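These notes concern the structure reproduced below.
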Amino acid sequence: MLILYVDADACPVKDEVYRVARRYAMRVVLVANAPLRVPADALVELVVRPGFGAADDWIAEQAGPGDVVITADIPLAARSLAKGARVLDPKGRPLTDNDIGGVLALRNLMDELRQGGTVTGGPAPMTAKDRSRFLSKLDEVVNAVQRAHPPR
């Protein structure tokens, strides 16, 4: 069964994930460092893993072929792709084996520039267009995974 794993601590599109999951009757596993409020739904599960990197480690261990991981964390995205999962960032950009190397390199460069004081600030805030793109791409990814991994 297809599972949507959500790196939930700072995820701005949880409501959109729930909408798509309800449409397809899919299981959603939100993984966070601290308790979060989640809908009372049999298909929604909250996993709390306190400690630095513990939530990411748990997702990377669980996710595999036929699953979708939603995260803005590039190292987690790389680990999830290596396990065969599909990855989508909260702005609706799919991350693939073909582009993860470049994305990791850019992340590391930006991290160095921030540490050196050259660059400050973070990503641009979420917009309605970002949310719409995310919904569309998540729907597209779910359909692609269901075609590639039909139920037995």
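Chains: A, B, ... in order of the structure tokens. Residues: from 1 per chain. Ligands: from 1, in order shown.
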
If you run DSSP over the backbone, which residues in segment 10-143 of chain A end up strand (DSSP E or B)? Put them as number ranges by chain.
A: 27-32, 44-48, 68-70, 86-88, 94-95

At most 12 Å is the cut-off: for each residue in segment 20-123 of chain A with any atom that close to an atom of segment 127-141 of chain A, write down the nearest atom pair and the distance in Å rounded to one decimal, counting only C-alpha atoms, chain first then increasing number, as JSON lines.
```
{"residue": "A:Val20", "atom": "CA", "partner": "A:Asp139", "partner_atom": "CA", "distance": 6.7}
{"residue": "A:Ala21", "atom": "CA", "partner": "A:Asp139", "partner_atom": "CA", "distance": 9.3}
{"residue": "A:Arg22", "atom": "CA", "partner": "A:Asp139", "partner_atom": "CA", "distance": 11.5}
{"residue": "A:Arg23", "atom": "CA", "partner": "A:Asp139", "partner_atom": "CA", "distance": 9.4}
{"residue": "A:Tyr24", "atom": "CA", "partner": "A:Asp139", "partner_atom": "CA", "distance": 9.2}
{"residue": "A:Met26", "atom": "CA", "partner": "A:Asp139", "partner_atom": "CA", "distance": 11.7}
{"residue": "A:Gly66", "atom": "CA", "partner": "A:Val141", "partner_atom": "CA", "distance": 10.3}
{"residue": "A:Asp67", "atom": "CA", "partner": "A:Val141", "partner_atom": "CA", "distance": 9.9}
{"residue": "A:Val68", "atom": "CA", "partner": "A:Val141", "partner_atom": "CA", "distance": 7.9}
{"residue": "A:Val69", "atom": "CA", "partner": "A:Leu138", "partner_atom": "CA", "distance": 10.2}
{"residue": "A:Ile70", "atom": "CA", "partner": "A:Leu138", "partner_atom": "CA", "distance": 9.1}
{"residue": "A:Thr71", "atom": "CA", "partner": "A:Phe134", "partner_atom": "CA", "distance": 11.8}
{"residue": "A:Ala85", "atom": "CA", "partner": "A:Val141", "partner_atom": "CA", "distance": 10.9}
{"residue": "A:Arg86", "atom": "CA", "partner": "A:Val141", "partner_atom": "CA", "distance": 7.7}
{"residue": "A:Val87", "atom": "CA", "partner": "A:Val141", "partner_atom": "CA", "distance": 8.8}
{"residue": "A:Leu88", "atom": "CA", "partner": "A:Leu138", "partner_atom": "CA", "distance": 7.3}
{"residue": "A:Asp89", "atom": "CA", "partner": "A:Phe134", "partner_atom": "CA", "distance": 8.0}
{"residue": "A:Pro90", "atom": "CA", "partner": "A:Phe134", "partner_atom": "CA", "distance": 6.4}
{"residue": "A:Lys91", "atom": "CA", "partner": "A:Asp130", "partner_atom": "CA", "distance": 5.0}
{"residue": "A:Gly92", "atom": "CA", "partner": "A:Phe134", "partner_atom": "CA", "distance": 3.7}
{"residue": "A:Arg93", "atom": "CA", "partner": "A:Phe134", "partner_atom": "CA", "distance": 7.4}
{"residue": "A:Pro94", "atom": "CA", "partner": "A:Lys137", "partner_atom": "CA", "distance": 7.7}
{"residue": "A:Leu95", "atom": "CA", "partner": "A:Val141", "partner_atom": "CA", "distance": 11.2}
{"residue": "A:Thr96", "atom": "CA", "partner": "A:Val141", "partner_atom": "CA", "distance": 11.8}
{"residue": "A:Pro123", "atom": "CA", "partner": "A:Thr127", "partner_atom": "CA", "distance": 11.8}
```

Long-range neighbours of Asp97 of chain A as a ChimeraX atom specification, 8 Å cut-off, only C-alpha atoms, 5 positions minimum in chain:
/A:78,81-82

Shell of 10 Å around Leu2 of chain A, only C-alpha atoms, local chain residues under 6 positions omitted, as an MDAnalysis selection string:
chainID A and resid 24:28 63:68 142 145:146 149:151

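The closest residue to Pro50 of chain A, picked from A:Val38, A:Asp9, A:Glu112, A:Lys14 and counting only C-alpha atoms, is A:Asp9.
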
Could you give me, as a ChimeraX atom specification, each residue of segment 15-132 of chain A that DSSP assigns to alpha helix (DSSP H) when run on this structure's backbone?
/A:15-24,54-62,74-82,100-115,128-132

12 Å contact set for segment 32-34 of chain A, only C-alpha atoms, chain neighbours under 3 positions out, as number ranges by chain:
A: 5-11, 29, 37-38, 45-59, 71

Show me, as an MDAnalysis selection string, the residues that have an atom within 9 Å of Ala60 of chain A when counting only C-alpha atoms, minus same-chain residues fewer than 5 positions from it.
chainID A and resid 55 76:77 79:80 83
